[in-house]
file final-v2.cif (mmCIF, C-alpha atoms)
data_query
#
loop_
_atom_site.label_atom_id
_atom_site.label_comp_id
_atom_site.auth_asym_id
_atom_site.auth_seq_id
_atom_site.Cartn_x
_atom_site.Cartn_y
_atom_site.Cartn_z
CA MET A 702 73.87 -63.48 -153.52
CA LYS A 703 75.34 -66.12 -151.22
CA ILE A 704 73.79 -65.92 -147.75
CA GLY A 705 74.66 -67.37 -144.35
CA LEU A 706 71.99 -67.51 -141.64
CA PHE A 707 72.27 -67.19 -137.87
CA GLY A 708 69.26 -68.33 -135.84
CA PHE A 709 66.92 -71.20 -136.62
CA GLY A 710 63.96 -70.48 -134.38
CA LYS A 711 60.47 -69.78 -135.73
CA ALA A 712 61.54 -66.63 -137.60
CA GLY A 713 64.85 -68.11 -138.72
CA LYS A 714 63.13 -71.17 -140.18
CA ALA A 715 60.73 -68.96 -142.14
CA VAL A 716 63.61 -66.89 -143.49
CA ALA A 717 65.56 -70.00 -144.50
CA SER A 718 62.52 -71.31 -146.36
CA VAL A 719 62.09 -68.04 -148.28
CA ILE A 720 65.78 -67.92 -149.28
CA LEU A 721 65.70 -71.53 -150.47
CA GLN A 722 62.80 -70.70 -152.78
CA SER A 723 64.45 -67.57 -154.18
CA LYS A 724 65.92 -67.80 -157.68
CA ASP A 725 68.26 -64.86 -157.13
CA HIS A 726 69.84 -65.87 -153.83
CA SER A 727 71.45 -68.95 -152.34
CA LEU A 728 71.38 -70.17 -148.75
CA GLN A 729 74.92 -71.43 -148.18
CA TRP A 730 74.70 -72.42 -144.54
CA VAL A 731 72.90 -72.12 -141.21
CA TYR A 732 75.13 -71.68 -138.15
CA ARG A 733 73.78 -73.02 -134.87
CA LYS A 734 74.87 -73.76 -131.30
CA THR A 735 73.63 -77.35 -131.42
CA ASN A 736 74.93 -80.07 -133.76
CA ARG A 737 71.69 -82.02 -133.96
CA LEU A 738 71.08 -81.24 -137.64
CA ASN A 739 74.67 -81.38 -138.88
CA SER A 740 74.02 -84.41 -141.06
CA ARG A 741 71.20 -82.65 -142.96
CA ASP A 742 70.71 -79.54 -145.07
CA ALA A 743 67.94 -76.96 -144.91
CA ALA A 744 66.21 -78.04 -148.13
CA ASP A 745 65.99 -81.59 -146.79
CA PHE A 746 64.69 -80.27 -143.45
CA PHE A 747 61.82 -78.41 -145.16
CA GLY A 748 61.23 -80.89 -147.95
CA ILE A 749 61.93 -78.19 -150.54
CA GLU A 750 63.59 -78.87 -153.89
CA SER A 751 66.58 -76.55 -154.03
CA ASN A 752 70.13 -76.56 -155.33
CA ASP A 753 71.31 -74.39 -152.42
CA PRO A 754 73.90 -76.06 -150.17
CA GLY A 755 72.04 -74.87 -147.05
CA HIS A 756 74.21 -77.02 -144.77
CA PHE A 757 73.84 -76.88 -140.99
CA TYR A 758 77.01 -76.14 -139.07
CA SER A 759 77.52 -76.10 -135.31
CA GLU A 760 79.82 -73.84 -133.32
CA LYS A 761 80.79 -77.04 -131.47
CA LYS A 762 82.31 -78.43 -134.66
CA ILE A 763 83.64 -75.41 -136.57
CA SER A 764 84.52 -71.83 -135.69
CA ILE A 765 82.86 -68.97 -137.53
CA GLN A 766 86.32 -67.88 -138.75
CA ASP A 767 86.90 -71.27 -140.41
CA LEU A 768 83.33 -71.38 -141.76
CA LEU A 769 83.69 -68.00 -143.46
CA GLU A 770 87.05 -69.05 -144.85
CA GLN A 771 85.87 -72.42 -146.20
CA HIS A 772 82.35 -71.37 -147.22
CA PRO A 773 82.41 -67.61 -147.96
CA VAL A 774 79.17 -65.63 -148.23
CA ASP A 775 78.18 -62.16 -149.41
CA ALA A 776 75.87 -61.50 -146.48
CA ILE A 777 74.94 -62.83 -143.05
CA ILE A 778 71.32 -62.56 -141.96
CA ASP A 779 70.95 -62.70 -138.19
CA PHE A 780 67.77 -63.90 -136.46
CA SER A 781 69.59 -65.43 -133.49
CA SER A 782 69.88 -63.50 -130.22
CA GLN A 783 71.06 -60.22 -128.75
CA GLU A 784 74.52 -61.71 -128.14
CA GLY A 785 74.84 -63.35 -131.56
CA ILE A 786 76.60 -60.36 -133.11
CA TYR A 787 79.65 -61.03 -130.93
CA THR A 788 79.99 -64.51 -132.43
CA TYR A 789 80.44 -63.41 -136.03
CA GLY A 790 80.66 -59.61 -136.12
CA GLU A 791 84.41 -59.07 -136.17
CA SER A 792 85.07 -61.95 -138.56
CA ALA A 793 82.34 -60.84 -140.96
CA ALA A 794 83.37 -57.18 -140.95
CA HIS A 795 87.03 -58.14 -141.51
CA ARG A 796 85.96 -60.02 -144.67
CA LYS A 797 83.60 -57.21 -145.81
CA VAL A 798 80.59 -59.51 -145.44
CA LYS A 799 77.32 -57.59 -145.23
CA ILE A 800 75.69 -57.87 -141.81
CA ILE A 801 71.88 -57.83 -141.83
CA SER A 802 70.51 -57.99 -138.30
CA ALA A 803 66.84 -58.46 -137.48
CA ILE A 804 67.30 -58.72 -133.72
CA SER A 805 64.38 -56.98 -131.99
CA HIS A 806 66.30 -55.79 -128.92
CA TYR A 807 69.86 -54.50 -128.59
CA SER A 808 71.39 -52.73 -125.61
CA ASP A 809 73.50 -49.61 -126.12
CA LYS A 810 76.54 -51.88 -125.92
CA GLU A 811 75.46 -53.92 -128.96
CA VAL A 812 74.40 -50.83 -130.92
CA ASN A 813 77.81 -49.26 -130.31
CA PHE A 814 79.42 -52.50 -131.46
CA LEU A 815 77.37 -52.44 -134.67
CA HIS A 816 78.57 -48.90 -135.36
CA LYS A 817 82.14 -50.02 -134.78
CA LEU A 818 81.71 -52.84 -137.30
CA ALA A 819 80.15 -50.37 -139.73
CA GLN A 820 83.50 -48.61 -140.04
CA LYS A 821 84.71 -51.66 -142.00
CA ALA A 822 81.61 -53.19 -143.56
CA ILE A 823 77.98 -52.65 -144.47
CA VAL A 824 75.90 -53.11 -141.32
CA PHE A 825 72.10 -53.05 -141.39
CA TRP A 826 69.80 -53.33 -138.40
CA SER A 827 66.02 -53.38 -138.25
CA PRO A 828 64.10 -54.49 -135.11
CA ASN A 829 61.31 -55.53 -137.46
CA ILE A 830 62.56 -56.36 -140.93
CA THR A 831 59.18 -56.64 -142.67
CA LEU A 832 58.71 -54.18 -145.52
CA GLY A 833 55.18 -53.28 -144.42
CA ILE A 834 56.04 -52.22 -140.87
CA ASN A 835 58.83 -50.01 -142.13
CA TYR A 836 56.47 -48.35 -144.58
CA LEU A 837 54.17 -47.74 -141.60
CA LEU A 838 57.08 -46.12 -139.76
CA TYR A 839 57.86 -43.89 -142.69
CA ALA A 840 54.22 -42.84 -143.20
CA SER A 841 53.80 -42.19 -139.45
CA GLN A 842 56.69 -39.75 -139.45
CA PHE A 843 55.14 -37.79 -142.32
CA LEU A 844 51.82 -37.53 -140.49
CA LYS A 845 53.56 -36.41 -137.30
CA LYS A 846 55.30 -33.62 -139.25
CA ILE A 847 51.96 -32.40 -140.59
CA ALA A 848 50.36 -32.36 -137.12
CA PRO A 849 53.10 -32.30 -134.46
CA ALA A 850 50.60 -31.79 -131.59
CA VAL A 851 48.39 -34.77 -132.47
CA ASP A 852 47.61 -37.38 -129.77
CA ILE A 853 49.38 -40.68 -130.47
CA GLU A 854 48.79 -44.15 -129.03
CA ILE A 855 50.60 -47.32 -130.08
CA ILE A 856 49.14 -50.83 -129.78
CA GLU A 857 51.30 -53.93 -130.25
CA GLU A 858 49.93 -57.48 -130.29
CA HIS A 859 52.00 -60.68 -130.29
CA PHE A 860 51.83 -64.37 -129.43
CA LYS A 861 51.28 -65.25 -125.78
CA ASP A 862 54.84 -66.33 -125.00
CA LYS A 863 56.61 -63.25 -126.36
CA LYS A 864 58.44 -61.54 -123.50
CA GLY A 865 58.91 -57.81 -123.08
CA VAL A 866 57.62 -54.91 -125.09
CA SER A 867 57.93 -55.25 -128.85
CA GLY A 868 61.16 -53.76 -130.15
CA THR A 869 59.19 -52.50 -133.13
CA ALA A 870 56.76 -50.65 -130.88
CA ILE A 871 59.66 -49.05 -129.02
CA ARG A 872 61.13 -48.03 -132.36
CA ILE A 873 57.81 -46.47 -133.41
CA ALA A 874 57.66 -44.54 -130.14
CA ASP A 875 61.23 -43.33 -130.63
CA VAL A 876 60.78 -42.04 -134.17
CA LEU A 877 57.49 -40.33 -133.25
CA GLU A 878 59.04 -38.90 -130.07
CA VAL A 879 56.35 -40.20 -127.73
CA LYS A 880 56.89 -41.79 -124.33
CA ASP A 881 56.97 -45.56 -123.90
CA GLU A 882 53.89 -45.21 -121.70
CA LYS A 883 51.97 -44.67 -124.93
CA ILE A 884 52.67 -48.28 -125.92
CA ASN A 885 49.78 -50.64 -125.17
CA THR A 886 50.72 -54.34 -125.14
CA ILE A 887 48.51 -57.35 -125.87
CA ARG A 888 49.64 -61.01 -125.62
CA ALA A 889 47.18 -63.63 -126.82
CA GLY A 890 47.15 -66.95 -128.63
CA GLY A 891 49.36 -67.34 -131.68
CA ILE A 892 49.29 -63.79 -133.05
CA VAL A 893 52.35 -63.42 -135.28
CA GLY A 894 52.64 -59.66 -134.88
CA LYS A 895 50.38 -56.62 -135.20
CA HIS A 896 51.20 -52.95 -134.70
CA GLU A 897 48.75 -50.06 -134.79
CA VAL A 898 49.46 -46.34 -134.54
CA ILE A 899 46.46 -44.21 -133.61
CA PHE A 900 46.55 -40.49 -134.39
CA GLY A 901 43.84 -38.66 -132.46
CA PHE A 902 42.82 -35.39 -134.12
CA PRO A 903 39.89 -33.18 -133.08
CA PHE A 904 36.78 -34.68 -134.71
CA GLN A 905 38.69 -37.44 -136.54
CA THR A 906 41.06 -40.37 -136.05
CA VAL A 907 43.68 -41.85 -138.33
CA ARG A 908 44.83 -45.45 -137.76
CA LEU A 909 47.86 -47.02 -139.46
CA ILE A 910 47.93 -50.80 -139.03
CA HIS A 911 50.40 -53.48 -140.01
CA GLU A 912 49.84 -57.18 -139.36
CA SER A 913 52.20 -60.03 -140.20
CA ILE A 914 50.14 -62.94 -141.51
CA SER A 915 53.14 -65.24 -141.81
CA ARG A 916 56.73 -65.13 -140.61
CA ASP A 917 57.70 -65.48 -144.26
CA ALA A 918 57.34 -61.69 -144.33
CA PHE A 919 60.61 -61.54 -142.38
CA GLY A 920 62.35 -63.45 -145.17
CA ASN A 921 60.99 -61.13 -147.86
CA GLY A 922 62.11 -58.11 -145.85
CA ALA A 923 65.59 -59.53 -145.26
CA LEU A 924 66.07 -60.19 -148.98
CA PHE A 925 64.75 -56.70 -149.80
CA ALA A 926 67.43 -55.28 -147.50
CA ALA A 927 70.15 -57.51 -148.94
CA GLU A 928 69.32 -56.48 -152.51
CA HIS A 929 69.24 -52.77 -151.67
CA LEU A 930 72.59 -52.88 -149.87
CA VAL A 931 74.51 -54.24 -152.86
CA ASN A 932 76.03 -50.96 -154.04
CA LYS A 933 76.28 -49.25 -150.66
CA LYS A 934 79.50 -48.13 -149.01
CA PRO A 935 80.54 -49.43 -145.58
CA GLY A 936 78.38 -47.82 -142.91
CA PHE A 937 75.41 -48.26 -140.60
CA TYR A 938 72.01 -48.48 -142.30
CA LYS A 939 68.40 -48.58 -141.17
CA PHE A 940 65.34 -49.55 -143.19
CA GLU A 941 64.34 -45.93 -143.77
CA ASP A 942 67.67 -45.39 -145.54
CA LEU A 943 66.57 -47.97 -148.12
CA LEU A 944 63.01 -46.63 -148.44
CA HIS A 945 63.87 -42.93 -148.68
CA PRO A 946 64.80 -42.94 -152.40
CA TYR A 947 61.31 -44.24 -153.24
CA PHE A 948 59.68 -41.21 -151.59
CA LYS A 949 61.65 -38.59 -153.50
CA VAL A 950 59.47 -36.48 -155.80
#
call {"tool": "encode", "arguments": {"input": "final-v2.cif", "output": "structure tokens"}}
result
Amino acid sequence: MKIGLFGFGKAGKAVASVILQSKDHSLQWVYRKTNRLNSRDAADFFGIESNDPGHFYSEKKISIQDLLEQHPVDAIIDFSSQEGIYTYGESAAHRKVKIISAISHYSDKEVNFLHKLAQKAIVFWSPNITLGINYLLYASQFLKKIAPAVDIEIIEEHFKDKKGVSGTAIRIADVLEVKDEKINTIRAGGIVGKHEVIFGFPFQTVRLIHESISRDAFGNGALFAAEHLVNKKPGFYKFEDLLHPYFKV
């Protein structure tokens, strides 16, 4: 699968590295606002041996419409920003390019825009695209069904500079139908990301914990999503849509 990448921050770099080392997928390009790396490619940047083109392109030098025309891809993986979808969304959907967004926060406006794009193309969004956290989400919903009156607390831990409440924690609260006040936030050091769901029963406690050891987990999750969207019809997909077939008895 030929992949284009939006966003080259800490998470984006980790995702690019994972794609470059994949035998089944090819990083075609990385699209950025700046043109500082335009003379290099991603494999050279990381010092990785790869046959992937992985070229850096800047919006200052080429439009996304021209980039998709000259260097077509099967999927775009987005680790950029909340507004990034407006840069490429229409052009990608028009060309039936799969959109895989890992943006942690979207307003209702962006979510509505994603659904609009999903009328033409495959659109996938996960606030946390790691496989493990989405398994935690799925397992949490099963436990809540078994004991709907159980006490639930959510703890999210991230690196010191992360602003706002974790989008993943908000997602957990939403699917478990608990108030955001049940989310407890910790910011310290260089924690990559840790989420814990505590189920308080009479005389016992169940804790489901997921911790990202490396941001490479985002790359593995993004490729998992890309592979499981191959034969899907145009529409809006979440991670649980991809996991559900594995839980059928």
call {"tool": "residues_around", "arguments": {"input": "final-v2.cif", "residues": "Leu924 in chain A", "least_positions_apart": "3", "cutoff": "12 Å", "atoms": "all atoms listed in the file", "output": "PyMOL selection string"}}
result
chain A and resi 702-704+706+716-728+776-778+801-803+830-832+917-921+927-931
call {"tool": "resolve_selection", "arguments": {"input": "final-v2.cif", "expression": "the PyMOL selection byres ((chain A and resi 833) around 10)", "output": "PDB file with C-alpha atoms, in the coordinates of the input"}}
result
ATOM      1  CA  ASN A 829      61.310 -55.530-137.460  1.00  0.00           C
ATOM      2  CA  ILE A 830      62.560 -56.360-140.930  1.00  0.00           C
ATOM      3  CA  THR A 831      59.180 -56.640-142.670  1.00  0.00           C
ATOM      4  CA  LEU A 832      58.710 -54.180-145.520  1.00  0.00           C
ATOM      5  CA  ILE A 834      56.040 -52.220-140.870  1.00  0.00           C
ATOM      6  CA  ASN A 835      58.830 -50.010-142.130  1.00  0.00           C
ATOM      7  CA  TYR A 836      56.470 -48.350-144.580  1.00  0.00           C
ATOM      8  CA  LEU A 837      54.170 -47.740-141.600  1.00  0.00           C
ATOM      9  CA  LEU A 838      57.080 -46.120-139.760  1.00  0.00           C
ATOM     10  CA  TYR A 839      57.860 -43.890-142.690  1.00  0.00           C
ATOM     11  CA  ILE A 910      47.930 -50.800-139.030  1.00  0.00           C
ATOM     12  CA  HIS A 911      50.400 -53.480-140.010  1.00  0.00           C
ATOM     13  CA  GLU A 912      49.840 -57.180-139.360  1.00  0.00           C
ATOM     14  CA  SER A 913      52.200 -60.030-140.200  1.00  0.00           C
ATOM     15  CA  ALA A 918      57.340 -61.690-144.330  1.00  0.00           C
ATOM     16  CA  GLY A 922      62.110 -58.110-145.850  1.00  0.00           C
TER      17      GLY A 922
END
call {"tool": "resolve_selection", "arguments": {"input": "final-v2.cif", "expression": "the PyMOL selection byres ((chain A and resi 882) around 12)", "output": "PDB file with C-alpha atoms, in the coordinates of the input"}}
result
ATOM      1  CA  ILE A 853      49.380 -40.680-130.470  1.00  0.00           C
ATOM      2  CA  GLU A 854      48.790 -44.150-129.030  1.00  0.00           C
ATOM      3  CA  ILE A 855      50.600 -47.320-130.080  1.00  0.00           C
ATOM      4  CA  ILE A 856      49.140 -50.830-129.780  1.00  0.00           C
ATOM      5  CA  VAL A 866      57.620 -54.910-125.090  1.00  0.00           C
ATOM      6  CA  ALA A 870      56.760 -50.650-130.880  1.00  0.00           C
ATOM      7  CA  ILE A 871      59.660 -49.050-129.020  1.00  0.00           C
ATOM      8  CA  ALA A 874      57.660 -44.540-130.140  1.00  0.00           C
ATOM      9  CA  ASP A 875      61.230 -43.330-130.630  1.00  0.00           C
ATOM     10  CA  GLU A 878      59.040 -38.900-130.070  1.00  0.00           C
ATOM     11  CA  VAL A 879      56.350 -40.200-127.730  1.00  0.00           C
ATOM     12  CA  LYS A 880      56.890 -41.790-124.330  1.00  0.00           C
ATOM     13  CA  ASP A 881      56.970 -45.560-123.900  1.00  0.00           C
ATOM     14  CA  LYS A 883      51.970 -44.670-124.930  1.00  0.00           C
ATOM     15  CA  ILE A 884      52.670 -48.280-125.920  1.00  0.00           C
ATOM     16  CA  ASN A 885      49.780 -50.640-125.170  1.00  0.00           C
ATOM     17  CA  THR A 886      50.720 -54.340-125.140  1.00  0.00           C
TER      18      THR A 886
END
call {"tool": "resolve_selection", "arguments": {"input": "final-v2.cif", "expression": "the PyMOL selection byres ((chain A and resi 757-774) around 7)", "output": "short mmCIF file (atom, residue, chain, number, x, y, z; two decimals) with C-alpha atoms, keeping the file's coordinate frame"}}
result
data_model
loop_
_atom_site.label_atom_id
_atom_site.label_comp_id
_atom_site.auth_asym_id
_atom_site.auth_seq_id
_atom_site.Cartn_x
_atom_site.Cartn_y
_atom_site.Cartn_z
CA LYS A 703 75.34 -66.12 -151.22
CA ILE A 704 73.79 -65.92 -147.75
CA GLY A 705 74.66 -67.37 -144.35
CA TRP A 730 74.70 -72.42 -144.54
CA VAL A 731 72.90 -72.12 -141.21
CA TYR A 732 75.13 -71.68 -138.15
CA ARG A 733 73.78 -73.02 -134.87
CA LYS A 734 74.87 -73.76 -131.30
CA THR A 735 73.63 -77.35 -131.42
CA ASN A 736 74.93 -80.07 -133.76
CA LEU A 738 71.08 -81.24 -137.64
CA ASN A 739 74.67 -81.38 -138.88
CA ARG A 741 71.20 -82.65 -142.96
CA ASP A 742 70.71 -79.54 -145.07
CA GLY A 755 72.04 -74.87 -147.05
CA HIS A 756 74.21 -77.02 -144.77
CA ASP A 775 78.18 -62.16 -149.41
CA ALA A 776 75.87 -61.50 -146.48
CA TYR A 789 80.44 -63.41 -136.03
CA SER A 792 85.07 -61.95 -138.56
CA VAL A 798 80.59 -59.51 -145.44
#
call {"tool": "closest_residue", "arguments": {"input": "final-v2.cif", "among": "A:Lys797, A:Glu784, A:Pro754, A:Ser827", "to": "Phe814 in chain A", "atoms": "only C-alpha atoms"}}
result
A:Glu784
call {"tool": "atom_distance", "arguments": {"input": "final-v2.cif", "atom1": "CA of Asp942 in chain A", "atom2": "CA of Trp826 in chain A"}}
result
10.9 Å
call {"tool": "closest_residue", "arguments": {"input": "final-v2.cif", "among": "A:Val907, A:Ile887, A:Val824, A:Ile749", "to": "Asp852 in chain A", "atoms": "all atoms listed in the file"}}
result
A:Val907
call {"tool": "atom_distance", "arguments": {"input": "final-v2.cif", "atom1": "CA of Glu811 in chain A", "atom2": "CA of Lys864 in chain A"}}
result
19.4 Å
call {"tool": "residues_near_point", "arguments": {"input": "final-v2.cif", "point": "(42.9, -37.0, -129.5)", "cutoff": "10 Å", "atoms": "all atoms listed in the file", "output": "tab-separated table (two decimals) with C-alpha atoms, in the coordinates of the input"}}
result
chain	number	residue	atom	x	y	z
A	850	ALA	CA	50.60	-31.79	-131.59
A	851	VAL	CA	48.39	-34.77	-132.47
A	852	ASP	CA	47.61	-37.38	-129.77
A	853	ILE	CA	49.38	-40.68	-130.47
A	854	GLU	CA	48.79	-44.15	-129.03
A	899	ILE	CA	46.46	-44.21	-133.61
A	900	PHE	CA	46.55	-40.49	-134.39
A	901	GLY	CA	43.84	-38.66	-132.46
A	902	PHE	CA	42.82	-35.39	-134.12
A	903	PRO	CA	39.89	-33.18	-133.08
A	904	PHE	CA	36.78	-34.68	-134.71
A	905	GLN	CA	38.69	-37.44	-136.54
A	906	THR	CA	41.06	-40.37	-136.05
call {"tool": "closest_residue", "arguments": {"input": "final-v2.cif", "among": "A:Leu818, A:Ala926, A:Ile800, A:Val898", "to": "Lys845 in chain A", "atoms": "all atoms listed in the file"}}
result
A:Val898
call {"tool": "atom_distance", "arguments": {"input": "final-v2.cif", "atom1": "CA of Phe925 in chain A", "atom2": "CA of Ala819 in chain A"}}
result
19.5 Å
call {"tool": "residues_near_point", "arguments": {"input": "final-v2.cif", "point": "(50.9, -58.4, -130.8)", "cutoff": "8 Å", "atoms": "all atoms listed in the file", "output": "PDB file with C-alpha atoms, keeping the file's coordinate frame"}}
result
ATOM      1  CA  ILE A 856      49.140 -50.830-129.780  1.00  0.00           C
ATOM      2  CA  GLU A 857      51.300 -53.930-130.250  1.00  0.00           C
ATOM      3  CA  GLU A 858      49.930 -57.480-130.290  1.00  0.00           C
ATOM      4  CA  HIS A 859      52.000 -60.680-130.290  1.00  0.00           C
ATOM      5  CA  PHE A 860      51.830 -64.370-129.430  1.00  0.00           C
ATOM      6  CA  SER A 867      57.930 -55.250-128.850  1.00  0.00           C
ATOM      7  CA  THR A 886      50.720 -54.340-125.140  1.00  0.00           C
ATOM      8  CA  ILE A 887      48.510 -57.350-125.870  1.00  0.00           C
ATOM      9  CA  ARG A 888      49.640 -61.010-125.620  1.00  0.00           C
ATOM     10  CA  ALA A 889      47.180 -63.630-126.820  1.00  0.00           C
ATOM     11  CA  ILE A 892      49.290 -63.790-133.050  1.00  0.00           C
ATOM     12  CA  VAL A 893      52.350 -63.420-135.280  1.00  0.00           C
ATOM     13  CA  GLY A 894      52.640 -59.660-134.880  1.00  0.00           C
ATOM     14  CA  LYS A 895      50.380 -56.620-135.200  1.00  0.00           C
ATOM     15  CA  HIS A 896      51.200 -52.950-134.700  1.00  0.00           C
TER      16      HIS A 896
END
call {"tool": "residues_around", "arguments": {"input": "final-v2.cif", "residues": "Gly868 in chain A", "least_positions_apart": "5", "cutoff": "6 Å", "atoms": "only C-alpha atoms", "output": "list in words"}}
result
Ser805, His806 and Pro828 of chain A
call {"tool": "write_last_selection", "arguments": {"input": "final-v2.cif", "atoms": "C-alpha atoms", "output": "compact mmCIF listing (two decimals), keeping the file's coordinate frame"}}
result
# COMPACT_ATOMS: atom_id res chain seq x y z
CA SER A 805 64.38 -56.98 -131.99
CA HIS A 806 66.30 -55.79 -128.92
CA PRO A 828 64.10 -54.49 -135.11
call {"tool": "decode", "arguments": {"input": "final-v2.cif", "residues": "range 874-896 of chain A", "atoms": "N, CA and C atoms", "output": "PDB file, in the first residue's frame"}}
result
ATOM      1  N   ALA A 874     -14.530   7.790  28.440  1.00  0.00           N
ATOM      2  CA  ALA A 874     -15.665   8.277  29.224  1.00  0.00           C
ATOM      3  C   ALA A 874     -16.948   8.241  28.404  1.00  0.00           C
ATOM      4  N   ASP A 875     -16.854   8.599  27.133  1.00  0.00           N
ATOM      5  CA  ASP A 875     -18.034   8.622  26.268  1.00  0.00           C
ATOM      6  C   ASP A 875     -18.614   7.227  26.075  1.00  0.00           C
ATOM      7  N   VAL A 876     -17.751   6.262  25.734  1.00  0.00           N
ATOM      8  CA  VAL A 876     -18.267   4.925  25.446  1.00  0.00           C
ATOM      9  C   VAL A 876     -18.780   4.229  26.702  1.00  0.00           C
ATOM     10  N   LEU A 877     -18.252   4.619  27.868  1.00  0.00           N
ATOM     11  CA  LEU A 877     -18.715   4.019  29.125  1.00  0.00           C
ATOM     12  C   LEU A 877     -19.827   4.842  29.773  1.00  0.00           C
ATOM     13  N   GLU A 878     -20.181   5.942  29.119  1.00  0.00           N
ATOM     14  CA  GLU A 878     -21.273   6.809  29.573  1.00  0.00           C
ATOM     15  C   GLU A 878     -21.070   7.284  31.010  1.00  0.00           C
ATOM     16  N   VAL A 879     -19.855   7.788  31.272  1.00  0.00           N
ATOM     17  CA  VAL A 879     -19.564   8.404  32.565  1.00  0.00           C
ATOM     18  C   VAL A 879     -19.183   9.863  32.322  1.00  0.00           C
ATOM     19  N   LYS A 880     -19.346  10.686  33.315  1.00  0.00           N
ATOM     20  CA  LYS A 880     -19.071  12.116  33.173  1.00  0.00           C
ATOM     21  C   LYS A 880     -17.569  12.374  33.091  1.00  0.00           C
ATOM     22  N   ASP A 881     -17.222  13.485  32.417  1.00  0.00           N
ATOM     23  CA  ASP A 881     -15.815  13.850  32.281  1.00  0.00           C
ATOM     24  C   ASP A 881     -15.156  14.107  33.628  1.00  0.00           C
ATOM     25  N   GLU A 882     -15.956  14.398  34.644  1.00  0.00           N
ATOM     26  CA  GLU A 882     -15.400  14.608  35.987  1.00  0.00           C
ATOM     27  C   GLU A 882     -14.742  13.343  36.532  1.00  0.00           C
ATOM     28  N   LYS A 883     -15.040  12.219  35.927  1.00  0.00           N
ATOM     29  CA  LYS A 883     -14.452  10.946  36.359  1.00  0.00           C
ATOM     30  C   LYS A 883     -13.065  10.721  35.758  1.00  0.00           C
ATOM     31  N   ILE A 884     -12.600  11.687  34.952  1.00  0.00           N
ATOM     32  CA  ILE A 884     -11.270  11.588  34.356  1.00  0.00           C
ATOM     33  C   ILE A 884     -10.258  12.291  35.251  1.00  0.00           C
ATOM     34  N   ASN A 885      -9.255  11.568  35.689  1.00  0.00           N
ATOM     35  CA  ASN A 885      -8.193  12.105  36.536  1.00  0.00           C
ATOM     36  C   ASN A 885      -6.925  12.241  35.694  1.00  0.00           C
ATOM     37  N   THR A 886      -6.356  13.446  35.652  1.00  0.00           N
ATOM     38  CA  THR A 886      -5.244  13.753  34.754  1.00  0.00           C
ATOM     39  C   THR A 886      -3.931  13.914  35.510  1.00  0.00           C
ATOM     40  N   ILE A 887      -2.884  13.302  34.967  1.00  0.00           N
ATOM     41  CA  ILE A 887      -1.534  13.430  35.525  1.00  0.00           C
ATOM     42  C   ILE A 887      -0.586  13.847  34.404  1.00  0.00           C
ATOM     43  N   ARG A 888       0.237  14.865  34.632  1.00  0.00           N
ATOM     44  CA  ARG A 888       1.256  15.311  33.691  1.00  0.00           C
ATOM     45  C   ARG A 888       2.599  15.294  34.401  1.00  0.00           C
ATOM     46  N   ALA A 889       3.512  14.468  33.902  1.00  0.00           N
ATOM     47  CA  ALA A 889       4.814  14.359  34.574  1.00  0.00           C
ATOM     48  C   ALA A 889       5.866  13.833  33.605  1.00  0.00           C
ATOM     49  N   GLY A 890       7.034  14.442  33.646  1.00  0.00           N
ATOM     50  CA  GLY A 890       8.187  13.935  32.921  1.00  0.00           C
ATOM     51  C   GLY A 890       7.926  13.655  31.465  1.00  0.00           C
ATOM     52  N   GLY A 891       8.449  12.523  30.996  1.00  0.00           N
ATOM     53  CA  GLY A 891       8.328  12.156  29.586  1.00  0.00           C
ATOM     54  C   GLY A 891       7.429  10.973  29.351  1.00  0.00           C
ATOM     55  N   ILE A 892       6.396  10.799  30.161  1.00  0.00           N
ATOM     56  CA  ILE A 892       5.464   9.692  29.989  1.00  0.00           C
ATOM     57  C   ILE A 892       4.875   9.750  28.580  1.00  0.00           C
ATOM     58  N   VAL A 893       4.957   8.664  27.843  1.00  0.00           N
ATOM     59  CA  VAL A 893       4.413   8.644  26.482  1.00  0.00           C
ATOM     60  C   VAL A 893       2.896   8.676  26.536  1.00  0.00           C
ATOM     61  N   GLY A 894       2.304   7.791  27.290  1.00  0.00           N
ATOM     62  CA  GLY A 894       0.849   7.766  27.418  1.00  0.00           C
ATOM     63  C   GLY A 894       0.393   6.547  28.193  1.00  0.00           C
ATOM     64  N   LYS A 895      -0.420   6.761  29.223  1.00  0.00           N
ATOM     65  CA  LYS A 895      -0.936   5.652  30.025  1.00  0.00           C
ATOM     66  C   LYS A 895      -2.387   5.945  30.374  1.00  0.00           C
ATOM     67  N   HIS A 896      -3.238   4.944  30.184  1.00  0.00           N
ATOM     68  CA  HIS A 896      -4.649   5.069  30.518  1.00  0.00           C
ATOM     69  C   HIS A 896      -5.074   3.884  31.381  1.00  0.00           C
TER      70      HIS A 896
END
